[in-house]
Every structure is written in structure tokens, then in C-alpha cells.
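Data from entry.pdb: PDB, C-alpha atoms, pLDDT in the B column
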ATOM      1  CA  MET A   1       0.000   0.000   0.000  1.00 53.00           C
ATOM      2  CA  PRO A   2       2.732   2.453   0.708  1.00 67.00           C
ATOM      3  CA  LYS A   3       4.135   2.114  -2.830  1.00 73.00           C
ATOM      4  CA  SER A   4       0.728   2.560  -4.328  1.00 83.00           C
ATOM      5  CA  PHE A   5       0.072   5.571  -2.105  1.00 81.00           C
ATOM      6  CA  ARG A   6       3.425   7.095  -2.966  1.00 83.00           C
ATOM      7  CA  ARG A   7       2.850   6.517  -6.672  1.00 85.00           C
ATOM      8  CA  SER A   8      -0.604   7.973  -6.420  1.00 86.00           C
ATOM      9  CA  LEU A   9       0.738  10.986  -4.491  1.00 85.00           C
ATOM     10  CA  ILE A  10       3.506  11.616  -7.032  1.00 88.00           C
ATOM     11  CA  THR A  11       1.061  11.290  -9.889  1.00 89.00           C
ATOM     12  CA  SER A  12      -1.327  13.718  -8.193  1.00 88.00           C
ATOM     13  CA  LEU A  13       1.501  16.215  -7.513  1.00 88.00           C
ATOM     14  CA  ILE A  14       2.665  15.988 -11.144  1.00 91.00           C
ATOM     15  CA  VAL A  15      -0.882  16.568 -12.354  1.00 89.00           C
ATOM     16  CA  ILE A  16      -1.248  19.534  -9.989  1.00 91.00           C
ATOM     17  CA  PHE A  17       2.161  20.925 -11.072  1.00 90.00           C
ATOM     18  CA  ILE A  18       1.282  20.562 -14.758  1.00 91.00           C
ATOM     19  CA  GLY A  19      -2.042  22.258 -13.996  1.00 89.00           C
ATOM     20  CA  PHE A  20      -0.229  25.211 -12.347  1.00 90.00           C
ATOM     21  CA  VAL A  21       2.282  25.500 -15.187  1.00 91.00           C
ATOM     22  CA  GLY A  22      -0.497  25.263 -17.759  1.00 89.00           C
ATOM     23  CA  SER A  23      -2.511  27.898 -15.891  1.00 90.00           C
ATOM     24  CA  ALA A  24       0.535  30.169 -15.624  1.00 91.00           C
ATOM     25  CA  VAL A  25       1.220  29.865 -19.372  1.00 91.00           C
ATOM     26  CA  ALA A  26      -2.453  30.496 -20.129  1.00 91.00           C
ATOM     27  CA  PHE A  27      -2.513  33.598 -17.878  1.00 90.00           C
ATOM     28  CA  TYR A  28       0.727  34.853 -19.462  1.00 92.00           C
ATOM     29  CA  VAL A  29      -0.653  34.461 -22.995  1.00 91.00           C
ATOM     30  CA  LEU A  30      -3.966  36.046 -21.985  1.00 91.00           C
ATOM     31  CA  GLY A  31      -2.069  38.925 -20.351  1.00 89.00           C
ATOM     32  CA  ILE A  32      -0.121  39.611 -23.540  1.00 92.00           C
ATOM     33  CA  GLN A  33      -3.301  39.468 -25.614  1.00 91.00           C
ATOM     34  CA  LEU A  34      -5.125  41.718 -23.150  1.00 89.00           C
ATOM     35  CA  SER A  35      -2.255  44.216 -23.186  1.00 89.00           C
ATOM     36  CA  SER A  36      -2.218  44.226 -26.986  1.00 89.00           C
ATOM     37  CA  LEU A  37      -5.979  44.640 -27.117  1.00 89.00           C
ATOM     38  CA  SER A  38      -5.958  47.501 -24.608  1.00 89.00           C
ATOM     39  CA  ALA A  39      -3.237  49.317 -26.635  1.00 90.00           C
ATOM     40  CA  LYS A  40      -5.345  48.889 -29.774  1.00 91.00           C
ATOM     41  CA  VAL A  41      -8.427  50.246 -27.968  1.00 89.00           C
ATOM     42  CA  ALA A  42      -6.409  53.258 -26.782  1.00 89.00           C
ATOM     43  CA  ARG A  43      -5.186  53.947 -30.341  1.00 91.00           C
ATOM     44  CA  GLU A  44      -8.709  53.651 -31.718  1.00 89.00           C
ATOM     45  CA  LYS A  45     -10.010  55.970 -29.019  1.00 89.00           C
ATOM     46  CA  GLY A  46      -7.344  58.553 -29.919  1.00 89.00           C
ATOM     47  CA  LEU A  47      -8.223  58.229 -33.607  1.00 87.00           C
ATOM     48  CA  ILE A  48     -11.905  58.726 -32.835  1.00 88.00           C
ATOM     49  CA  ALA A  49     -11.079  61.830 -30.794  1.00 87.00           C
ATOM     50  CA  GLN A  50      -8.938  63.184 -33.638  1.00 89.00           C
ATOM     51  CA  ARG A  51     -11.666  62.550 -36.197  1.00 86.00           C
ATOM     52  CA  THR A  52     -14.207  64.228 -33.959  1.00 87.00           C
ATOM     53  CA  GLY A  53     -11.944  67.275 -33.810  1.00 87.00           C
ATOM     54  CA  VAL A  54     -11.602  67.303 -37.592  1.00 86.00           C
ATOM     55  CA  VAL A  55     -15.379  67.063 -38.000  1.00 86.00           C
ATOM     56  CA  ASP A  56     -15.812  69.980 -35.584  1.00 86.00           C
ATOM     57  CA  ILE A  57     -13.330  72.073 -37.586  1.00 87.00           C
ATOM     58  CA  LEU A  58     -15.046  71.142 -40.842  1.00 85.00           C
ATOM     59  CA  ALA A  59     -18.425  72.141 -39.423  1.00 85.00           C
ATOM     60  CA  GLU A  60     -16.997  75.484 -38.320  1.00 86.00           C
ATOM     61  CA  LEU A  61     -15.428  76.069 -41.744  1.00 82.00           C
ATOM     62  CA  LYS A  62     -18.706  75.267 -43.482  1.00 84.00           C
ATOM     63  CA  LYS A  63     -20.459  77.673 -41.152  1.00 85.00           C
ATOM     64  CA  VAL A  64     -18.136  80.583 -42.036  1.00 83.00           C
ATOM     65  CA  ALA A  65     -17.705  79.659 -45.723  1.00 80.00           C
ATOM     66  CA  PRO A  66     -20.297  82.195 -46.929  1.00 84.00           C
ATOM     67  CA  GLU A  67     -18.384  84.951 -45.149  1.00 82.00           C
ATOM     68  CA  ALA A  68     -15.149  83.913 -46.863  1.00 77.00           C
ATOM     69  CA  GLU A  69     -16.635  83.695 -50.378  1.00 79.00           C
ATOM     70  CA  PRO A  70     -15.989  87.361 -51.348  1.00 81.00           C
ATOM     71  CA  TYR A  71     -12.392  87.063 -50.170  1.00 73.00           C
ATOM     72  CA  SER A  72     -11.929  83.831 -52.093  1.00 73.00           C
ATOM     73  CA  ARG A  73     -13.216  85.450 -55.282  1.00 74.00           C
ATOM     74  CA  ALA A  74     -10.897  88.427 -54.745  1.00 70.00           C
ATOM     75  CA  MET A  75      -7.905  86.133 -54.261  1.00 67.00           C
ATOM     76  CA  ASP A  76      -8.819  84.153 -57.385  1.00 69.00           C
ATOM     77  CA  SER A  77      -8.920  87.370 -59.383  1.00 72.00           C
ATOM     78  CA  LEU A  78      -5.361  88.231 -58.308  1.00 75.00           C
ATOM     79  CA  LEU A  79      -3.811  85.411 -60.288  1.00 81.00           C
ATOM     80  CA  PRO A  80      -4.243  84.929 -64.016  1.00 84.00           C
ATOM     81  CA  THR A  81      -4.846  81.546 -65.571  1.00 83.00           C
ATOM     82  CA  GLN A  82      -1.936  79.858 -67.305  1.00 83.00           C
ATOM     83  CA  ASP A  83      -3.331  80.884 -70.698  1.00 84.00           C
ATOM     84  CA  GLN A  84      -3.517  84.501 -69.568  1.00 84.00           C
ATOM     85  CA  LEU A  85       0.247  84.485 -68.949  1.00 84.00           C
ATOM     86  CA  LEU A  86       0.636  85.220 -72.650  1.00 84.00           C
ATOM     87  CA  GLY A  87      -0.376  88.764 -71.719  1.00 85.00           C
ATOM     88  CA  PHE A  88       2.694  89.025 -69.477  1.00 85.00           C
ATOM     89  CA  SER A  89       5.035  89.498 -72.445  1.00 86.00           C
ATOM     90  CA  ILE A  90       2.662  92.044 -74.005  1.00 87.00           C
ATOM     91  CA  TYR A  91       2.554  93.929 -70.715  1.00 87.00           C
ATOM     92  CA  LEU A  92       6.369  93.877 -70.480  1.00 89.00           C
ATOM     93  CA  ASP A  93       6.744  95.132 -74.082  1.00 90.00           C
ATOM     94  CA  ALA A  94       4.428  98.080 -73.434  1.00 88.00           C
ATOM     95  CA  LEU A  95       6.207  98.922 -70.190  1.00 89.00           C
ATOM     96  CA  ALA A  96       9.630  98.728 -71.891  1.00 90.00           C
ATOM     97  CA  LYS A  97       8.488 101.175 -74.588  1.00 92.00           C
ATOM     98  CA  ASN A  98       7.302 103.599 -71.884  1.00 89.00           C
ATOM     99  CA  TYR A  99      10.750 103.599 -70.270  1.00 90.00           C
ATOM    100  CA  GLY A 100      12.850 103.604 -73.437  1.00 90.00           C
ATOM    101  CA  VAL A 101      14.510 100.220 -73.022  1.00 92.00           C
ATOM    102  CA  SER A 102      14.684  97.377 -75.487  1.00 91.00           C
ATOM    103  CA  LEU A 103      13.348  94.124 -74.134  1.00 90.00           C
ATOM    104  CA  GLY A 104      13.916  90.466 -74.871  1.00 91.00           C
ATOM    105  CA  PHE A 105      11.560  88.082 -73.061  1.00 91.00           C
ATOM    106  CA  ASN A 106      10.887  84.352 -72.960  1.00 91.00           C
ATOM    107  CA  PHE A 107       9.398  81.756 -70.680  1.00 89.00           C
ATOM    108  CA  GLN A 108      11.861  79.094 -69.611  1.00 90.00           C
ATOM    109  CA  GLY A 109      12.052  75.956 -67.534  1.00 83.00           C
ATOM    110  CA  GLU A 110       9.352  73.583 -66.480  1.00 83.00           C
ATOM    111  CA  THR A 111       5.850  74.591 -65.550  1.00 83.00           C
ATOM    112  CA  ASN A 112       4.884  73.819 -61.970  1.00 82.00           C
ATOM    113  CA  ALA A 113       1.170  73.057 -62.250  1.00 83.00           C
ATOM    114  CA  ALA A 114      -1.287  74.813 -59.983  1.00 82.00           C
ATOM    115  CA  GLN A 115      -2.702  72.716 -57.179  1.00 81.00           C
ATOM    116  CA  LYS A 116      -5.943  73.231 -55.298  1.00 77.00           C
ATOM    117  CA  ASP A 117      -4.223  75.098 -52.460  1.00 74.00           C
ATOM    118  CA  SER A 118      -1.201  76.592 -54.209  1.00 79.00           C
ATOM    119  CA  PRO A 119      -0.568  78.524 -57.412  1.00 84.00           C
ATOM    120  CA  GLY A 120       1.402  77.218 -60.339  1.00 88.00           C
ATOM    121  CA  SER A 121       4.555  78.915 -61.538  1.00 90.00           C
ATOM    122  CA  LEU A 122       6.500  79.330 -64.741  1.00 90.00           C
ATOM    123  CA  GLY A 123      10.045  80.606 -65.090  1.00 91.00           C
ATOM    124  CA  PHE A 124      10.879  83.593 -67.245  1.00 92.00           C
ATOM    125  CA  ALA A 125      13.957  85.440 -68.436  1.00 93.00           C
ATOM    126  CA  LEU A 126      14.114  88.976 -69.690  1.00 90.00           C
ATOM    127  CA  SER A 127      16.942  91.039 -71.060  1.00 92.00           C
ATOM    128  CA  LEU A 128      16.880  94.855 -70.939  1.00 91.00           C
ATOM    129  CA  THR A 129      19.149  97.172 -72.836  1.00 91.00           C
ATOM    130  CA  GLY A 130      19.148 100.902 -72.219  1.00 90.00           C
ATOM    131  CA  GLY A 131      20.399 103.597 -69.921  1.00 88.00           C
ATOM    132  CA  LEU A 132      20.976 102.684 -66.300  1.00 87.00           C
ATOM    133  CA  SER A 133      18.254 105.010 -65.012  1.00 88.00           C
ATOM    134  CA  ASN A 134      15.814 103.721 -67.662  1.00 89.00           C
ATOM    135  CA  ASN A 135      16.491 100.096 -66.670  1.00 88.00           C
ATOM    136  CA  LEU A 136      16.034 100.885 -62.989  1.00 88.00           C
ATOM    137  CA  GLU A 137      12.844 102.884 -63.608  1.00 89.00           C
ATOM    138  CA  PHE A 138      11.524  99.973 -65.681  1.00 88.00           C
ATOM    139  CA  LEU A 139      12.159  97.545 -62.784  1.00 86.00           C
ATOM    140  CA  LYS A 140      10.570  99.927 -60.271  1.00 86.00           C
ATOM    141  CA  ALA A 141       7.475 100.302 -62.460  1.00 86.00           C
ATOM    142  CA  LEU A 142       7.339  96.554 -63.036  1.00 83.00           C
ATOM    143  CA  GLU A 143       7.399  95.949 -59.312  1.00 81.00           C
ATOM    144  CA  ALA A 144       4.948  98.702 -58.357  1.00 78.00           C
ATOM    145  CA  LYS A 145       2.439  98.689 -61.212  1.00 75.00           C
ATOM    146  CA  SER A 146       2.047  95.022 -62.110  1.00 70.00           C
ATOM    147  CA  ALA A 147      -1.407  94.436 -60.633  1.00 67.00           C
ATOM    148  CA  ARG A 148      -2.399  91.723 -63.116  1.00 76.00           C
ATOM    149  CA  PHE A 149       0.618  89.484 -62.596  1.00 81.00           C
ATOM    150  CA  LEU A 150       2.238  88.118 -59.472  1.00 81.00           C
ATOM    151  CA  PHE A 151       5.923  87.329 -59.957  1.00 84.00           C
ATOM    152  CA  VAL A 152       9.188  87.098 -58.087  1.00 84.00           C
ATOM    153  CA  VAL A 153      12.650  88.028 -59.335  1.00 86.00           C
ATOM    154  CA  GLN A 154      15.109  85.300 -58.451  1.00 88.00           C
ATOM    155  CA  ASN A 155      18.272  86.572 -60.090  1.00 89.00           C
ATOM    156  CA  PHE A 156      19.518  89.524 -62.083  1.00 85.00           C
ATOM    157  CA  SER A 157      22.774  90.837 -63.446  1.00 90.00           C
ATOM    158  CA  LEU A 158      23.812  94.228 -64.768  1.00 87.00           C
ATOM    159  CA  ASN A 159      26.611  94.747 -67.308  1.00 88.00           C
ATOM    160  CA  ARG A 160      27.835  97.962 -68.850  1.00 88.00           C
ATOM    161  CA  LYS A 161      27.971  98.024 -72.614  1.00 84.00           C
ATOM    162  CA  SER A 162      29.861 100.380 -74.825  1.00 78.00           C
ATOM    163  CA  GLY A 163      28.242 103.741 -75.453  1.00 78.00           C
ATOM    164  CA  GLY A 164      26.839 104.206 -71.935  1.00 80.00           C
ATOM    165  CA  ASP A 165      24.074 101.624 -72.223  1.00 87.00           C
ATOM    166  CA  TYR A 166      23.600  98.807 -69.769  1.00 89.00           C
ATOM    167  CA  ASN A 167      22.414  95.280 -70.296  1.00 90.00           C
ATOM    168  CA  MET A 168      20.325  93.819 -67.483  1.00 90.00           C
ATOM    169  CA  SER A 169      19.348  90.140 -67.331  1.00 91.00           C
ATOM    170  CA  VAL A 170      16.529  89.111 -65.029  1.00 89.00           C
ATOM    171  CA  GLN A 171      15.270  85.610 -64.162  1.00 91.00           C
ATOM    172  CA  GLY A 172      12.173  84.933 -62.137  1.00 89.00           C
ATOM    173  CA  LEU A 173       8.899  83.125 -61.693  1.00 89.00           C
ATOM    174  CA  VAL A 174       5.423  84.266 -62.636  1.00 88.00           C
ATOM    175  CA  PHE A 175       2.478  82.650 -60.833  1.00 87.00           C
ATOM    176  CA  PHE A 176      -0.893  81.501 -62.140  1.00 86.00           C
ATOM    177  CA  LYS A 177      -4.003  79.712 -60.925  1.00 83.00           C
TER     178      LYS A 177
END
Let me see the file written as C-alpha cells.
Amino acid sequence: MPKSFRRSLITSLIVIFIGFVGSAVAFYVLGIQLSSLSAKVAREKGLIAQRTGVVDILAELKKVAPEAEPYSRAMDSLLPTQDQLLGFSIYLDALAKNYGVSLGFNFQGETNAAQKDSPGSLGFALSLTGGLSNNLEFLKALEAKSARFLFVVQNFSLNRKSGGDYNMSVQGLVFFK
């Protein structure tokens, strides 16, 4: 009987030990899964809060959109379309004649297409030949009086020619919608 009892006791202890180890492994795996699930729930909750904020902002923007419409139309009228950029060279020719300088003009480089929220741009180069004061007055008038075209001068150079004339080269970008 003692051998049978001992064997039975050892078997019972092994079964109990395996039960504890199995339970510990099960709790460990469940803990990892629960931790992963709680992190996912927290992320989803943050995403829902962010989307709610975006919806609130969108609702506010839609509410004030009628107030912004006149300003939007005014801003759209500031920039010409890409096809209307052909008038830029005509405008420059007329301005050059007013200031007594000879003008060479061309568009150059790649066109950066207009996006919904940003204007497009096209590079240009112009060459002016005339007196120094005439060239400078031309540039001042171009900067101050060009209401139809929005542009930026990126580079220019000034060289003296024989006979008192100056040659000015200008590179820049003109913007369109």
C-alpha cells in the first residue's frame, strides 16, 4: 500500500504541477493578448477623438464659408490663368516702350502646375538694354504697377555696354491659378 500511495501521491503532484504550469502559461498568454488589445483600444479611441476634432473644424469652416466667399473670389482674381500668362510678355513690351529700353523676353524651364491650395509657376527670363536710369525705372514700375501678374525676381545681373548703355538680365517666376 505504501508504494501505491506514494505513486498515487507523485502522480497527483505531477498533475497539480502541470495544472499550475499550464494555468501560468495560459494567464501569461492572456495577459499579452489583453495588453495588446488595450493598446489597440487606446489607439482607436485617440483616432476617434482626432476625427471628432476634424469634423468639428469642418463644421466650423462650413459655417463661415459664406463669409469667406468674397475674399476667395478676390484672391482668385489676383492670379491669371496659365493661358492669360501670354499677356505678361505684351505687358512687359508696353512697359519697356514707356521707359525707353529694349526688351527680350521668354518663358523658360518647367511649368509647376497649380494645385488646389497653391498657385502654379512658370520661369521667365528677360533682357533689358538701355540707360541705367531707364532700366532701374523699368524695374521699379514693373514691381509697383504690375497688378495683373504676381511674380518674383530670383536673379539679375547688370553689365555695362559700350556707349553708356547697360544690359540687365533678369530671371524669375510668374504665378498663375
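Close contacts of region 118-134 of chain A, defined as residues with an atom at most 6 Å away when counting all atoms listed in the file, with chain neighbours fewer than 3 positions off set aside, comprise Tyr99, Val101, Ser102, Leu103, Gly104, Phe105, Asn106, Phe107, Gln108, Gly109, Thr111, Asn112, Ala113, Ala114, Gln115, Glu137, Asp165, Tyr166, Asn167, Met168, Ser169, Val170, Gln171, Gly172, Leu173, Val174, Phe175, Phe176 and Lys177 of chain A.
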For Phe88 (chain A), work out the shell of residues within 8 Å, counting all atoms listed in the file and skipping chain neighbours fewer than 4 positions away, then give it as a PyMOL selection string.
-> chain A and resi 84+92+149
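One finds CA of Gly163 (chain A) at 29.3 Å from CA of Ala144 (chain A).
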Work out how far CA of Gln33 (chain A) is from CA of Ile16 (chain A), in Å to one decimal.
->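 About the pair CA of Ile16 (chain A) and CA of Gln33 (chain A): they are 25.4 Å apart.
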May I ask which of the residues A:Phe27, A:Lys63, A:Ala94, A:Leu136 is the closest one to Phe156 (chain A), counting all atoms listed in the file?
-> A:Leu136
Around all the atoms of region 18-26 of chain A listed in the file, with 5 Å of room on each side, what axis-aligned box do you get, giving centre and edge lengths in Å to one decimal, as AutoDock Vina command-line options?
--center_x -0.1 --center_y 25.5 --center_z -16.2 --size_x 14.8 --size_y 19.9 --size_z 17.8
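What separates CA of Ser146 (chain A) from CA of Lys161 (chain A) is a distance of 28.1 Å.
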In terms of the shortest atom-to-atom distance over all atoms listed in the file, which of A:Ala96, A:Ile48, A:Val55, A:Val41 is closest to Leu139 (chain A)?
->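 Comparing A:Ala96, A:Ile48, A:Val55, A:Val41 against Leu139 (chain A), the winner is A:Ala96.
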Could you give me region 50-65 of chain A completed to N, CA and C atoms, formatted as a CSV table (one decimal), in the coordinates of the input?
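Ended up saving to selection-v1.csv:
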chain,number,residue,atom,x,y,z
A,50,GLN,N,-9.5,62.4,-32.6
A,50,GLN,CA,-8.9,63.2,-33.6
A,50,GLN,C,-10.0,63.4,-34.7
A,51,ARG,N,-10.7,62.4,-35.2
A,51,ARG,CA,-11.7,62.6,-36.2
A,51,ARG,C,-12.8,63.5,-35.7
A,52,THR,N,-13.2,63.3,-34.5
A,52,THR,CA,-14.2,64.2,-34.0
A,52,THR,C,-13.8,65.7,-34.0
A,53,GLY,N,-12.5,65.9,-33.7
A,53,GLY,CA,-11.9,67.3,-33.8
A,53,GLY,C,-12.0,67.8,-35.2
A,54,VAL,N,-11.6,66.9,-36.2
A,54,VAL,CA,-11.6,67.3,-37.6
A,54,VAL,C,-13.0,67.6,-38.1
A,55,VAL,N,-14.0,66.8,-37.6
A,55,VAL,CA,-15.4,67.1,-38.0
A,55,VAL,C,-15.8,68.4,-37.4
A,56,ASP,N,-15.4,68.7,-36.2
A,56,ASP,CA,-15.8,70.0,-35.6
A,56,ASP,C,-15.2,71.1,-36.4
A,57,ILE,N,-14.0,71.0,-36.8
A,57,ILE,CA,-13.3,72.1,-37.6
A,57,ILE,C,-14.0,72.2,-38.9
A,58,LEU,N,-14.3,71.1,-39.6
A,58,LEU,CA,-15.0,71.1,-40.8
A,58,LEU,C,-16.4,71.8,-40.7
A,59,ALA,N,-17.1,71.5,-39.6
A,59,ALA,CA,-18.4,72.1,-39.4
A,59,ALA,C,-18.3,73.6,-39.2
A,60,GLU,N,-17.2,74.1,-38.5
A,60,GLU,CA,-17.0,75.5,-38.3
A,60,GLU,C,-16.6,76.2,-39.6
A,61,LEU,N,-15.8,75.5,-40.4
A,61,LEU,CA,-15.4,76.1,-41.7
A,61,LEU,C,-16.6,76.2,-42.7
A,62,LYS,N,-17.5,75.2,-42.7
A,62,LYS,CA,-18.7,75.3,-43.5
A,62,LYS,C,-19.6,76.4,-43.0
A,63,LYS,N,-19.6,76.6,-41.7
A,63,LYS,CA,-20.5,77.7,-41.2
A,63,LYS,C,-20.0,79.1,-41.6
A,64,VAL,N,-18.7,79.3,-41.7
A,64,VAL,CA,-18.1,80.6,-42.0
A,64,VAL,C,-17.8,80.7,-43.5
A,65,ALA,N,-18.0,79.6,-44.3
A,65,ALA,CA,-17.7,79.7,-45.7
A,65,ALA,C,-18.4,80.8,-46.5
